[in-house]
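K.L.:
Pasting data_24.cif below, which is mmCIF, C-alpha atoms and all ligand atoms.
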data_protein
#
loop_
_atom_site.group_PDB
_atom_site.id
_atom_site.type_symbol
_atom_site.label_atom_id
_atom_site.label_comp_id
_atom_site.auth_asym_id
_atom_site.auth_seq_id
_atom_site.Cartn_x
_atom_site.Cartn_y
_atom_site.Cartn_z
ATOM 1 C CA MET X 1 0.000 0.000 0.000
ATOM 2 C CA CYS X 2 1.091 3.535 -0.737
ATOM 3 C CA CYS X 3 2.420 5.392 2.333
ATOM 4 C CA HIS X 4 1.185 8.954 2.774
ATOM 5 C CA ASP X 5 2.802 11.267 5.339
ATOM 6 C CA LEU X 6 1.088 14.620 4.980
ATOM 7 C CA HIS X 7 2.578 16.669 7.836
ATOM 8 C CA SER X 8 6.295 17.434 8.170
ATOM 9 C CA HIS X 9 8.713 20.248 9.000
ATOM 10 C CA SER X 10 12.109 21.391 7.736
ATOM 11 C CA THR X 11 14.651 24.040 8.754
ATOM 12 C CA ALA X 12 12.422 26.563 6.957
ATOM 13 C CA SER X 13 10.432 26.526 10.220
ATOM 14 C CA ASP X 14 11.175 24.526 13.371
ATOM 15 C CA GLY X 15 12.391 21.218 11.895
ATOM 16 C CA THR X 16 16.041 20.248 12.171
ATOM 17 C CA LEU X 17 16.559 18.723 8.697
ATOM 18 C CA ALA X 18 17.060 20.889 5.614
ATOM 19 C CA PRO X 19 14.354 20.314 2.964
ATOM 20 C CA ALA X 20 16.658 18.143 0.819
ATOM 21 C CA GLN X 21 17.666 16.053 3.848
ATOM 22 C CA LEU X 22 14.004 15.616 4.746
ATOM 23 C CA ILE X 23 13.254 14.280 1.263
ATOM 24 C CA ALA X 24 16.175 11.826 1.481
ATOM 25 C CA ARG X 25 15.029 10.591 4.877
ATOM 26 C CA ALA X 26 11.415 10.239 3.743
ATOM 27 C CA GLN X 27 12.546 8.124 0.792
ATOM 28 C CA GLN X 28 14.619 5.900 3.101
ATOM 29 C CA ALA X 29 11.617 5.561 5.404
ATOM 30 C CA GLY X 30 9.472 4.273 2.534
ATOM 31 C CA VAL X 31 7.207 7.319 2.255
ATOM 32 C CA ASP X 32 5.552 7.497 -1.161
ATOM 33 C CA VAL X 33 3.736 10.830 -0.768
ATOM 34 C CA LEU X 34 5.116 13.533 1.531
ATOM 35 C CA ALA X 35 3.601 16.933 2.301
ATOM 36 C CA LEU X 36 6.065 19.553 3.538
ATOM 37 C CA THR X 37 4.014 21.684 5.927
ATOM 38 C CA ASP X 38 6.267 24.215 7.628
ATOM 39 C CA HIS X 39 4.743 26.696 10.057
ATOM 40 C CA ASP X 40 3.550 29.876 8.306
ATOM 41 C CA THR X 41 5.971 29.599 5.387
ATOM 42 C CA LEU X 42 6.478 27.914 2.026
ATOM 43 C CA ASP X 43 10.173 28.824 1.904
ATOM 44 C CA GLY X 44 11.350 25.201 2.034
ATOM 45 C CA TYR X 45 9.296 24.006 -0.907
ATOM 46 C CA ALA X 46 11.633 24.966 -3.789
ATOM 47 C CA GLU X 47 14.608 23.101 -2.304
ATOM 48 C CA ALA X 48 12.424 20.107 -1.433
ATOM 49 C CA ALA X 49 10.985 20.023 -4.962
ATOM 50 C CA ARG X 50 14.491 20.059 -6.490
ATOM 51 C CA ALA X 51 15.517 17.196 -4.204
ATOM 52 C CA ALA X 52 12.415 15.156 -5.061
ATOM 53 C CA ALA X 53 12.541 15.811 -8.830
ATOM 54 C CA GLY X 54 12.962 12.660 -10.891
ATOM 55 C CA GLY X 55 12.746 10.433 -7.807
ATOM 56 C CA PRO X 56 10.025 8.048 -6.653
ATOM 57 C CA LEU X 57 8.644 10.271 -3.898
ATOM 58 C CA GLN X 58 5.709 12.539 -4.661
ATOM 59 C CA LEU X 59 6.073 15.869 -2.855
ATOM 60 C CA VAL X 60 2.927 17.846 -2.034
ATOM 61 C CA PRO X 61 3.348 21.564 -1.307
ATOM 62 C CA GLY X 62 1.778 22.457 2.008
ATOM 63 C CA VAL X 63 1.811 24.802 4.959
ATOM 64 C CA GLU X 64 0.731 24.639 8.609
ATOM 65 C CA VAL X 65 -0.992 27.914 9.383
ATOM 66 C CA SER X 66 -1.329 29.390 12.887
ATOM 67 C CA VAL X 67 -4.918 30.380 13.679
ATOM 68 C CA THR X 68 -6.517 32.109 16.642
ATOM 69 C CA TRP X 69 -9.905 30.566 17.305
ATOM 70 C CA SER X 70 -11.951 31.085 20.463
ATOM 71 C CA ALA X 71 -8.957 32.693 22.243
ATOM 72 C CA MET X 72 -6.722 29.692 21.584
ATOM 73 C CA THR X 73 -4.150 28.732 18.958
ATOM 74 C CA ILE X 74 -5.053 25.996 16.552
ATOM 75 C CA HIS X 75 -3.225 24.815 13.421
ATOM 76 C CA VAL X 76 -4.788 24.422 9.984
ATOM 77 C CA LEU X 77 -2.890 22.606 7.252
ATOM 78 C CA GLY X 78 -3.160 23.782 3.687
ATOM 79 C CA LEU X 79 -2.419 20.728 1.518
ATOM 80 C CA ASN X 80 -1.562 21.015 -2.166
ATOM 81 C CA VAL X 81 -1.430 24.810 -2.137
ATOM 82 C CA ASP X 82 0.061 26.854 -4.972
ATOM 83 C CA PRO X 83 3.302 28.075 -3.344
ATOM 84 C CA ASP X 84 3.254 31.225 -5.482
ATOM 85 C CA CYS X 85 -0.264 32.345 -4.584
ATOM 86 C CA GLU X 86 -0.118 36.051 -3.656
ATOM 87 C CA VAL X 87 -3.102 35.946 -1.306
ATOM 88 C CA LEU X 88 -1.583 33.119 0.708
ATOM 89 C CA GLN X 89 1.894 34.635 0.682
ATOM 90 C CA GLN X 90 0.622 37.977 1.929
ATOM 91 C CA GLY X 91 -1.386 36.312 4.660
ATOM 92 C CA LEU X 92 1.671 34.373 5.815
ATOM 93 C CA ASP X 93 3.740 37.602 5.765
ATOM 94 C CA GLY X 94 1.364 39.034 8.354
ATOM 95 C CA LEU X 95 1.680 35.954 10.581
ATOM 96 C CA ARG X 96 5.474 36.150 10.379
ATOM 97 C CA ALA X 97 5.345 39.798 11.437
ATOM 98 C CA PHE X 98 3.370 38.748 14.514
ATOM 99 C CA ARG X 99 5.916 35.952 15.127
ATOM 100 C CA ASP X 100 8.812 38.439 15.103
ATOM 101 C CA TRP X 101 7.056 40.697 17.614
ATOM 102 C CA ARG X 102 6.056 37.711 19.727
ATOM 103 C CA ALA X 103 9.678 36.476 19.864
ATOM 104 C CA GLU X 104 10.767 39.842 21.273
ATOM 105 C CA GLU X 105 7.913 39.732 23.755
ATOM 106 C CA ILE X 106 8.782 36.173 24.859
ATOM 107 C CA ALA X 107 12.357 37.330 25.438
ATOM 108 C CA ARG X 108 11.198 40.401 27.409
ATOM 109 C CA ARG X 109 9.002 38.251 29.622
ATOM 110 C CA LEU X 110 11.725 35.682 30.220
ATOM 111 C CA GLU X 111 14.141 38.501 31.030
ATOM 112 C CA LYS X 112 11.714 39.741 33.709
ATOM 113 C CA ALA X 113 11.725 36.211 35.093
ATOM 114 C CA GLY X 114 15.518 36.403 35.344
ATOM 115 C CA ILE X 115 16.509 34.669 32.114
ATOM 116 C CA GLY X 116 18.320 37.037 29.762
ATOM 117 C CA GLY X 117 19.684 36.681 26.244
ATOM 118 C CA THR X 118 17.011 34.369 24.937
ATOM 119 C CA LEU X 119 16.191 36.307 21.749
ATOM 120 C CA GLN X 120 19.781 36.035 20.511
ATOM 121 C CA GLY X 121 19.984 32.494 21.864
ATOM 122 C CA ALA X 122 16.855 31.348 20.033
ATOM 123 C CA ALA X 123 17.940 33.165 16.859
ATOM 124 C CA GLY X 124 21.097 31.034 16.918
ATOM 125 C CA TYR X 125 18.899 27.990 16.265
ATOM 126 C CA ARG X 126 16.783 29.490 13.510
ATOM 127 C CA GLN X 127 17.810 28.682 9.965
ATOM 128 C CA GLY X 128 14.946 30.216 8.012
ATOM 129 C CA ARG X 129 12.683 33.226 8.404
ATOM 130 C CA ILE X 130 10.548 31.699 11.143
ATOM 131 C CA LEU X 131 11.375 32.134 14.817
ATOM 132 C CA SER X 132 9.430 29.504 16.747
ATOM 133 C CA ARG X 133 8.976 28.650 20.397
ATOM 134 C CA THR X 134 10.886 25.484 19.470
ATOM 135 C CA HIS X 135 13.999 27.616 18.853
ATOM 136 C CA PHE X 136 13.619 29.161 22.308
ATOM 137 C CA ALA X 137 13.247 25.655 23.708
ATOM 138 C CA HIS X 138 16.440 24.401 22.048
ATOM 139 C CA TYR X 139 18.345 27.370 23.422
ATOM 140 C CA LEU X 140 16.952 27.020 26.947
ATOM 141 C CA VAL X 141 17.977 23.348 26.998
ATOM 142 C CA GLU X 142 21.481 24.331 25.844
ATOM 143 C CA ALA X 143 21.567 27.017 28.554
ATOM 144 C CA GLY X 144 20.789 24.362 31.163
ATOM 145 C CA ARG X 145 17.372 25.778 32.106
ATOM 146 C CA ALA X 146 15.575 22.504 31.451
ATOM 147 C CA ALA X 147 16.424 18.910 30.651
ATOM 148 C CA SER X 148 14.395 18.645 27.451
ATOM 149 C CA VAL X 149 12.422 20.641 24.910
ATOM 150 C CA ARG X 150 9.258 19.178 26.375
ATOM 151 C CA ASP X 151 10.262 20.472 29.834
ATOM 152 C CA VAL X 152 10.945 23.954 28.475
ATOM 153 C CA PHE X 153 7.403 24.117 27.088
ATOM 154 C CA LYS X 154 5.954 22.834 30.325
ATOM 155 C CA HIS X 155 7.829 25.251 32.608
ATOM 156 C CA TYR X 156 8.294 28.366 30.463
ATOM 157 C CA LEU X 157 6.314 28.584 27.252
ATOM 158 C CA VAL X 158 2.730 27.537 27.857
ATOM 159 C CA ARG X 159 -0.205 29.458 29.335
ATOM 160 C CA GLY X 160 0.453 30.423 32.945
ATOM 161 C CA LYS X 161 4.261 30.235 32.557
ATOM 162 C CA PRO X 162 6.693 33.181 32.438
ATOM 163 C CA GLY X 163 7.474 33.147 28.695
ATOM 164 C CA PHE X 164 3.900 32.639 27.476
ATOM 165 C CA VAL X 165 2.559 35.182 25.001
ATOM 166 C CA PRO X 166 -1.025 34.691 23.777
ATOM 167 C CA GLY X 167 -1.309 34.111 20.045
ATOM 168 C CA GLU X 168 -2.767 36.824 17.872
ATOM 169 C CA TRP X 169 -2.766 34.894 14.624
ATOM 170 C CA ALA X 170 -5.331 35.128 11.828
ATOM 171 C CA GLY X 171 -8.971 34.042 12.191
ATOM 172 C CA LEU X 172 -10.259 30.673 11.014
ATOM 173 C CA ASP X 173 -12.328 32.020 8.098
ATOM 174 C CA THR X 174 -9.481 34.213 6.911
ATOM 175 C CA VAL X 175 -6.961 31.374 6.883
ATOM 176 C CA ILE X 176 -9.355 29.034 5.085
ATOM 177 C CA ASP X 177 -9.876 31.767 2.464
ATOM 178 C CA TRP X 178 -6.108 32.015 1.888
ATOM 179 C CA ILE X 179 -5.773 28.237 1.499
ATOM 180 C CA LEU X 180 -8.747 28.049 -0.881
ATOM 181 C CA ALA X 181 -7.356 30.999 -2.874
ATOM 182 C CA ALA X 182 -4.164 28.946 -3.289
ATOM 183 C CA GLY X 183 -6.199 25.967 -4.553
ATOM 184 C CA GLY X 184 -5.410 23.941 -1.426
ATOM 185 C CA LEU X 185 -7.363 21.675 0.901
ATOM 186 C CA PRO X 186 -7.836 23.073 4.429
ATOM 187 C CA VAL X 187 -7.311 20.378 7.086
ATOM 188 C CA ILE X 188 -7.541 20.736 10.890
ATOM 189 C CA ALA X 189 -4.139 19.621 12.254
ATOM 190 C CA HIS X 190 -3.772 17.226 15.254
ATOM 191 C CA PRO X 191 -7.276 17.951 16.649
ATOM 192 C CA ALA X 192 -6.777 15.903 19.816
ATOM 193 C CA ARG X 193 -3.913 18.154 20.948
ATOM 194 C CA TYR X 194 -6.288 21.032 21.703
ATOM 195 C CA ARG X 195 -8.027 19.110 24.495
ATOM 196 C CA LEU X 196 -11.426 20.483 23.457
ATOM 197 C CA THR X 197 -14.654 19.389 25.085
ATOM 198 C CA ARG X 198 -16.992 17.427 22.843
ATOM 199 C CA SER X 199 -19.225 20.475 22.301
ATOM 200 C CA LYS X 200 -16.323 22.813 21.579
ATOM 201 C CA LEU X 201 -14.853 20.348 19.076
ATOM 202 C CA SER X 202 -18.257 20.212 17.361
ATOM 203 C CA ARG X 203 -18.354 23.983 17.231
ATOM 204 C CA LEU X 204 -14.826 24.124 15.740
ATOM 205 C CA VAL X 205 -15.665 21.518 13.104
ATOM 206 C CA GLY X 206 -18.974 23.250 12.317
ATOM 207 C CA GLU X 207 -17.351 26.659 11.811
ATOM 208 C CA PHE X 208 -14.500 25.064 9.872
ATOM 209 C CA ARG X 209 -16.887 23.335 7.445
ATOM 210 C CA GLU X 210 -19.043 26.442 7.124
ATOM 211 C CA ALA X 211 -15.963 28.441 6.092
ATOM 212 C CA GLY X 212 -14.992 25.911 3.403
ATOM 213 C CA GLY X 213 -12.678 23.581 5.348
ATOM 214 C CA CYS X 214 -12.767 19.971 4.146
ATOM 215 C CA GLY X 215 -10.412 17.734 6.120
ATOM 216 C CA ILE X 216 -9.246 16.658 9.551
ATOM 217 C CA GLU X 217 -6.020 14.950 10.619
ATOM 218 C CA VAL X 218 -7.282 11.637 11.943
ATOM 219 C CA VAL X 219 -3.912 9.920 12.143
ATOM 220 C CA SER X 220 -1.194 12.060 13.710
ATOM 221 C CA GLY X 221 2.171 11.290 15.256
ATOM 222 C CA SER X 222 0.810 12.978 18.371
ATOM 223 C CA HIS X 223 -2.488 11.062 18.571
ATOM 224 C CA SER X 224 -2.953 7.983 20.710
ATOM 225 C CA ARG X 225 -4.879 5.020 19.316
ATOM 226 C CA ASP X 226 -8.041 6.134 21.117
ATOM 227 C CA GLU X 227 -7.656 9.706 19.875
ATOM 228 C CA THR X 228 -7.269 8.362 16.342
ATOM 229 C CA LEU X 229 -10.505 6.382 16.663
ATOM 230 C CA HIS X 230 -12.296 9.398 18.135
ATOM 231 C CA MET X 231 -11.189 11.675 15.293
ATOM 232 C CA ALA X 232 -12.108 9.009 12.741
ATOM 233 C CA ALA X 233 -15.649 9.113 14.164
ATOM 234 C CA VAL X 234 -15.631 12.931 13.946
ATOM 235 C CA SER X 235 -14.502 12.792 10.310
ATOM 236 C CA ARG X 236 -17.277 10.339 9.407
ATOM 237 C CA GLU X 237 -19.989 12.199 11.336
ATOM 238 C CA HIS X 238 -19.162 15.568 9.844
ATOM 239 C CA GLY X 239 -18.262 14.344 6.368
ATOM 240 C CA LEU X 240 -14.665 15.547 6.546
ATOM 241 C CA LEU X 241 -11.859 13.948 4.546
ATOM 242 C CA ALA X 242 -9.319 12.145 6.714
ATOM 243 C CA SER X 243 -5.624 13.008 6.663
ATOM 244 C CA ALA X 244 -2.549 11.318 8.124
ATOM 245 C CA GLY X 245 0.785 12.862 9.086
ATOM 246 C CA SER X 246 3.676 12.295 11.472
ATOM 247 C CA ASP X 247 4.322 15.980 12.296
ATOM 248 C CA TYR X 248 7.986 15.093 11.875
ATOM 249 C CA HIS X 249 10.452 17.738 13.106
ATOM 250 C CA GLY X 250 13.742 15.848 12.686
ATOM 251 C CA PRO X 251 15.575 12.910 14.234
ATOM 252 C CA HIS X 252 15.287 14.441 17.737
ATOM 253 C CA ASN X 253 12.381 15.877 19.696
ATOM 254 C CA THR X 254 9.808 14.675 17.264
ATOM 255 C CA TRP X 255 6.315 13.300 17.700
ATOM 256 C CA ALA X 256 6.892 10.340 15.437
ATOM 257 C CA GLU X 257 9.252 8.980 12.807
ATOM 258 C CA LEU X 258 8.536 9.783 9.166
ATOM 259 C CA GLY X 259 6.022 7.425 7.628
ATOM 260 C CA GLN X 260 5.517 5.430 10.854
ATOM 261 C CA LEU X 261 1.777 5.947 10.987
ATOM 262 C CA ARG X 262 -1.296 3.984 11.910
ATOM 263 C CA ALA X 263 -3.641 3.100 9.074
ATOM 264 C CA LEU X 264 -6.756 5.240 8.688
ATOM 265 C CA PRO X 265 -9.615 3.517 10.540
ATOM 266 C CA PRO X 266 -12.347 1.954 8.389
ATOM 267 C CA GLY X 267 -15.016 4.202 6.943
ATOM 268 C CA CYS X 268 -12.811 7.286 6.590
ATOM 269 C CA THR X 269 -12.419 8.860 3.163
ATOM 270 C CA PRO X 270 -8.727 9.714 2.689
ATOM 271 C CA VAL X 271 -7.895 13.283 1.740
ATOM 272 C CA TRP X 272 -5.831 11.895 -1.140
ATOM 273 C CA GLU X 273 -9.085 10.739 -2.742
ATOM 274 C CA ALA X 274 -10.263 14.366 -3.046
ATOM 275 C CA ASP X 275 -11.081 15.466 -6.614
ATOM 276 C CA SER X 276 -8.377 18.120 -6.523
ATOM 277 C CA TRP X 277 -5.650 15.800 -5.181
ATOM 278 C CA PRO X 278 -2.609 15.861 -7.511
ATOM 279 C CA ALA X 279 -2.030 12.766 -9.646
ATOM 280 C CA ALA X 280 1.210 10.870 -9.007
ATOM 281 C CA ALA X 281 3.938 11.783 -11.509
HETATM 282 P P1 LIG R 1 5.039 28.214 17.701
HETATM 283 O O1 LIG R 1 4.301 28.012 16.420
HETATM 284 O O2 LIG R 1 6.294 29.025 17.528
HETATM 285 O O3 LIG R 1 4.171 28.730 18.803
HETATM 286 O O4 LIG R 1 5.566 26.805 18.168
HETATM 287 C C1 LIG R 1 4.731 25.695 18.114
HETATM 288 C C2 LIG R 1 5.600 24.453 18.001
HETATM 289 O O5 LIG R 1 6.203 24.148 19.249
HETATM 290 C C3 LIG R 1 4.815 23.216 17.651
HETATM 291 O O6 LIG R 1 4.654 23.118 16.272
HETATM 292 C C4 LIG R 1 5.713 22.123 18.161
HETATM 293 O O7 LIG R 1 6.727 21.859 17.212
HETATM 294 C C5 LIG R 1 6.367 22.743 19.362
HETATM 295 N N1 LIG R 1 5.715 22.336 20.630
HETATM 296 C C6 LIG R 1 4.564 22.789 21.149
HETATM 297 N N2 LIG R 1 4.304 22.204 22.332
HETATM 298 C C7 LIG R 1 5.325 21.346 22.552
HETATM 299 C C8 LIG R 1 5.678 20.437 23.602
HETATM 300 N N3 LIG R 1 4.895 20.309 24.671
HETATM 301 N N4 LIG R 1 6.815 19.729 23.478
HETATM 302 C C9 LIG R 1 7.614 19.868 22.396
HETATM 303 N N5 LIG R 1 7.344 20.707 21.384
HETATM 304 C C10 LIG R 1 6.215 21.431 21.458
HETATM 305 MN MN MN R 2 6.491 22.718 15.152
HETATM 306 MN MN MN R 3 0.979 21.936 14.863
HETATM 307 MN MN MN R 4 3.352 20.534 12.657
#
Re-express the file's structure as structure tokens.
P.N.:
Amino acid sequence: MCCHDLHSHSTASDGTLAPAQLIARAQQAGVDVLALTDHDTLDGYAEAARAAAGGPLQLVPGVEVSVTWSAMTIHVLGLNVDPDCEVLQQGLDGLRAFRDWRAEEIARRLEKAGIGGTLQGAAGYRQGRILSRTHFAHYLVEAGRAASVRDVFKHYLVRGKPGFVPGEWAGLDTVIDWILAAGGLPVIAHPARYRLTRSKLSRLVGEFREAGGCGIEVVSGSHSRDETLHMAAVSREHGLLASAGSDYHGPHNTWAELGQLRALPPGCTPVWEADSWPAAA
């Protein structure tokens, strides 16, 4: 069976492999169809496409867009987007401007908590245009403030902790409009990670569908087996296409290995059966 991994990161955002290295690793891991979905940027796509050209792996251009919905941050994947779409590019520009301000604000707040130099420290880990909380986490581990990236998030970077800055990303409808303008398929990323109540998840899915969203990540490197089954039921109930992705960030500190994914549960319609899904080369 053909292996789809439709959620991955490179050094263009907070992954640790360059786009070409990611392609090589995906091929070794037996991935047949890979979507590169960096946070709020398509910068890695050109290099990835050059690396994949002429090879067996089908690369799908994608992006993982930061959204503010109901005072929380959620992530919406745009799969098979046109990387040159002006509307999408301009939207992502705005999110990156917020990211730059937020990075300064994270550093100011950490400084107040007695931890200086984190903006420069985090910038030392960035390789593209995106400065992510992951870069802060790598630096804070190096600086001996925590034992692991996971611990940095837990003690410094999440709500209620000294370096937390609330997201002010784009709204759900706006982001779906950008993805649709770029000819892409909007997909709710790792839905179980938001810890929503049943009724709030229904409201999210309802608003998402209403705005033109069409898919949900049922299989994710960060979903347990039970969460996968729950999201499969949500996809069937609401008539959403089902996606699958590892959310790979590199050999370390990752949710799952490339291509090491559970099968979609029965009764789900895979997103790669959508009418607009690109044909294999
Ligand atoms: P940002 O978009 O800059 O706010 O950073 C979000 C990224 O941080 C996610 O995409 C993950 O890669 C990473 N992240 C979030 N929470 C955790 C966690 N608890 N442990 C490790 N990485 C995390
Ligand atoms: Mn990430
Ligand atoms: Mn995400
Ligand atoms: Mn991701």
K.L.:
How big is the axis-aligned box around the listed atoms of stretch 118-123 of chain X once 4 Å is added on each side, and where is its centre? Give both in Å to one decimal, as AutoDock Vina command-line options.
P.N.:
--center_x 18.1 --center_y 33.8 --center_z 20.9 --size_x 11.8 --size_y 13.0 --size_z 16.1
K.L.:
Taking only C-alpha atoms and all ligand atoms into account, which residues are within 9 Å of ligand MN 3 (chain R), as an mmCIF file with C-alpha atoms, keeping the file's coordinate frame?
P.N.:
data_model
loop_
_atom_site.group_PDB
_atom_site.id
_atom_site.type_symbol
_atom_site.label_atom_id
_atom_site.label_comp_id
_atom_site.auth_asym_id
_atom_site.auth_seq_id
_atom_site.Cartn_x
_atom_site.Cartn_y
_atom_site.Cartn_z
ATOM 1 C CA HIS X 7 2.578 16.669 7.836
ATOM 2 C CA HIS X 39 4.743 26.696 10.057
ATOM 3 C CA GLU X 64 0.731 24.639 8.609
ATOM 4 C CA VAL X 65 -0.992 27.914 9.383
ATOM 5 C CA SER X 66 -1.329 29.390 12.887
ATOM 6 C CA ILE X 74 -5.053 25.996 16.552
ATOM 7 C CA HIS X 75 -3.225 24.815 13.421
ATOM 8 C CA VAL X 76 -4.788 24.422 9.984
ATOM 9 C CA LEU X 77 -2.890 22.606 7.252
ATOM 10 C CA ALA X 189 -4.139 19.621 12.254
ATOM 11 C CA HIS X 190 -3.772 17.226 15.254
ATOM 12 C CA ARG X 193 -3.913 18.154 20.948
ATOM 13 C CA ASP X 247 4.322 15.980 12.296
#
K.L.:
Write out as a PyMOL selection string the residues lying within 12 Å of X:Arg129, counting only C-alpha atoms and excluding same-chain residues fewer than 2 positions away.
P.N.:
chain X and resi 10-14+38-44+92-93+95-97+99-100+123+125-127+131-132+135
K.L.:
Using the chain letters and numbers from this file, what does the PyMOL selection byres (((chain X and resi 68) around 12) and not hetatm) select? Give the answer as number ranges by chain.
P.N.:
X: 65-67, 69-76, 95, 166-175, 204
K.L.:
Go through the shown structure with the PyMOL selection byres (((chain X and resi 209) around 12) and not hetatm) and write out the matching residues as a PDB file with C-alpha atoms, in the frame of the given file.
P.N.:
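Contents of the output file result_5.pdb:
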ATOM      1  CA  LEU X 172     -10.259  30.673  11.014  1.00  0.00           C
ATOM      2  CA  ASP X 173     -12.328  32.020   8.098  1.00  0.00           C
ATOM      3  CA  ILE X 176      -9.355  29.034   5.085  1.00  0.00           C
ATOM      4  CA  LEU X 185      -7.363  21.675   0.901  1.00  0.00           C
ATOM      5  CA  PRO X 186      -7.836  23.073   4.429  1.00  0.00           C
ATOM      6  CA  VAL X 187      -7.311  20.378   7.086  1.00  0.00           C
ATOM      7  CA  ILE X 188      -7.541  20.736  10.890  1.00  0.00           C
ATOM      8  CA  SER X 202     -18.257  20.212  17.361  1.00  0.00           C
ATOM      9  CA  ARG X 203     -18.354  23.983  17.231  1.00  0.00           C
ATOM     10  CA  LEU X 204     -14.826  24.124  15.740  1.00  0.00           C
ATOM     11  CA  VAL X 205     -15.665  21.518  13.104  1.00  0.00           C
ATOM     12  CA  GLY X 206     -18.974  23.250  12.317  1.00  0.00           C
ATOM     13  CA  GLU X 207     -17.351  26.659  11.811  1.00  0.00           C
ATOM     14  CA  PHE X 208     -14.500  25.064   9.872  1.00  0.00           C
ATOM     15  CA  GLU X 210     -19.043  26.442   7.124  1.00  0.00           C
ATOM     16  CA  ALA X 211     -15.963  28.441   6.092  1.00  0.00           C
ATOM     17  CA  GLY X 212     -14.992  25.911   3.403  1.00  0.00           C
ATOM     18  CA  GLY X 213     -12.678  23.581   5.348  1.00  0.00           C
ATOM     19  CA  CYS X 214     -12.767  19.971   4.146  1.00  0.00           C
ATOM     20  CA  GLY X 215     -10.412  17.734   6.120  1.00  0.00           C
ATOM     21  CA  ILE X 216      -9.246  16.658   9.551  1.00  0.00           C
ATOM     22  CA  SER X 235     -14.502  12.792  10.310  1.00  0.00           C
ATOM     23  CA  HIS X 238     -19.162  15.568   9.844  1.00  0.00           C
ATOM     24  CA  GLY X 239     -18.262  14.344   6.368  1.00  0.00           C
ATOM     25  CA  LEU X 240     -14.665  15.547   6.546  1.00  0.00           C
ATOM     26  CA  LEU X 241     -11.859  13.948   4.546  1.00  0.00           C
TER      27      LEU X 241
END
K.L.:
Write stretch 122-133 of chain X as a PDB file, in the frame of the given file, completed to N, CA, C and O atoms.
P.N.:
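See selection-v7.pdb below for the written result:
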ATOM      1  N   ALA X 122      17.798  32.055  20.907  1.00  0.00           N
ATOM      2  CA  ALA X 122      16.855  31.348  20.033  1.00  0.00           C
ATOM      3  C   ALA X 122      17.212  31.581  18.566  1.00  0.00           C
ATOM      4  O   ALA X 122      17.162  30.654  17.748  1.00  0.00           O
ATOM      5  N   ALA X 123      17.599  32.832  18.251  1.00  0.00           N
ATOM      6  CA  ALA X 123      17.940  33.165  16.859  1.00  0.00           C
ATOM      7  C   ALA X 123      19.112  32.314  16.366  1.00  0.00           C
ATOM      8  O   ALA X 123      19.219  32.022  15.174  1.00  0.00           O
ATOM      9  N   GLY X 124      19.975  31.898  17.289  1.00  0.00           N
ATOM     10  CA  GLY X 124      21.097  31.034  16.918  1.00  0.00           C
ATOM     11  C   GLY X 124      20.643  29.672  16.410  1.00  0.00           C
ATOM     12  O   GLY X 124      21.401  28.976  15.734  1.00  0.00           O
ATOM     13  N   TYR X 125      19.434  29.283  16.715  1.00  0.00           N
ATOM     14  CA  TYR X 125      18.899  27.990  16.265  1.00  0.00           C
ATOM     15  C   TYR X 125      18.003  28.106  15.036  1.00  0.00           C
ATOM     16  O   TYR X 125      17.617  27.110  14.453  1.00  0.00           O
ATOM     17  N   ARG X 126      17.663  29.311  14.670  1.00  0.00           N
ATOM     18  CA  ARG X 126      16.783  29.490  13.510  1.00  0.00           C
ATOM     19  C   ARG X 126      17.632  29.397  12.251  1.00  0.00           C
ATOM     20  O   ARG X 126      18.739  29.897  12.185  1.00  0.00           O
ATOM     21  N   GLN X 127      17.077  28.735  11.225  1.00  0.00           N
ATOM     22  CA  GLN X 127      17.810  28.682   9.965  1.00  0.00           C
ATOM     23  C   GLN X 127      17.028  29.350   8.839  1.00  0.00           C
ATOM     24  O   GLN X 127      17.578  29.685   7.810  1.00  0.00           O
ATOM     25  N   GLY X 128      15.746  29.549   9.029  1.00  0.00           N
ATOM     26  CA  GLY X 128      14.946  30.216   8.012  1.00  0.00           C
ATOM     27  C   GLY X 128      14.406  31.524   8.537  1.00  0.00           C
ATOM     28  O   GLY X 128      14.980  32.135   9.437  1.00  0.00           O
ATOM     29  N   ARG X 129      13.264  31.935   8.009  1.00  0.00           N
ATOM     30  CA  ARG X 129      12.683  33.226   8.404  1.00  0.00           C
ATOM     31  C   ARG X 129      11.801  33.139   9.640  1.00  0.00           C
ATOM     32  O   ARG X 129      11.371  34.150  10.167  1.00  0.00           O
ATOM     33  N   ILE X 130      11.484  31.901  10.031  1.00  0.00           N
ATOM     34  CA  ILE X 130      10.548  31.699  11.143  1.00  0.00           C
ATOM     35  C   ILE X 130      11.295  31.582  12.467  1.00  0.00           C
ATOM     36  O   ILE X 130      12.245  30.809  12.582  1.00  0.00           O
ATOM     37  N   LEU X 131      10.860  32.338  13.458  1.00  0.00           N
ATOM     38  CA  LEU X 131      11.375  32.134  14.817  1.00  0.00           C
ATOM     39  C   LEU X 131      10.237  31.518  15.633  1.00  0.00           C
ATOM     40  O   LEU X 131       9.185  32.128  15.811  1.00  0.00           O
ATOM     41  N   SER X 132      10.482  30.290  16.084  1.00  0.00           N
ATOM     42  CA  SER X 132       9.430  29.504  16.747  1.00  0.00           C
ATOM     43  C   SER X 132       9.746  29.345  18.235  1.00  0.00           C
ATOM     44  O   SER X 132      10.900  29.477  18.650  1.00  0.00           O
ATOM     45  N   ARG X 133       8.730  28.999  18.997  1.00  0.00           N
ATOM     46  CA  ARG X 133       8.976  28.650  20.397  1.00  0.00           C
ATOM     47  C   ARG X 133       9.943  27.472  20.490  1.00  0.00           C
ATOM     48  O   ARG X 133      10.668  27.346  21.474  1.00  0.00           O
TER      49      ARG X 133
END
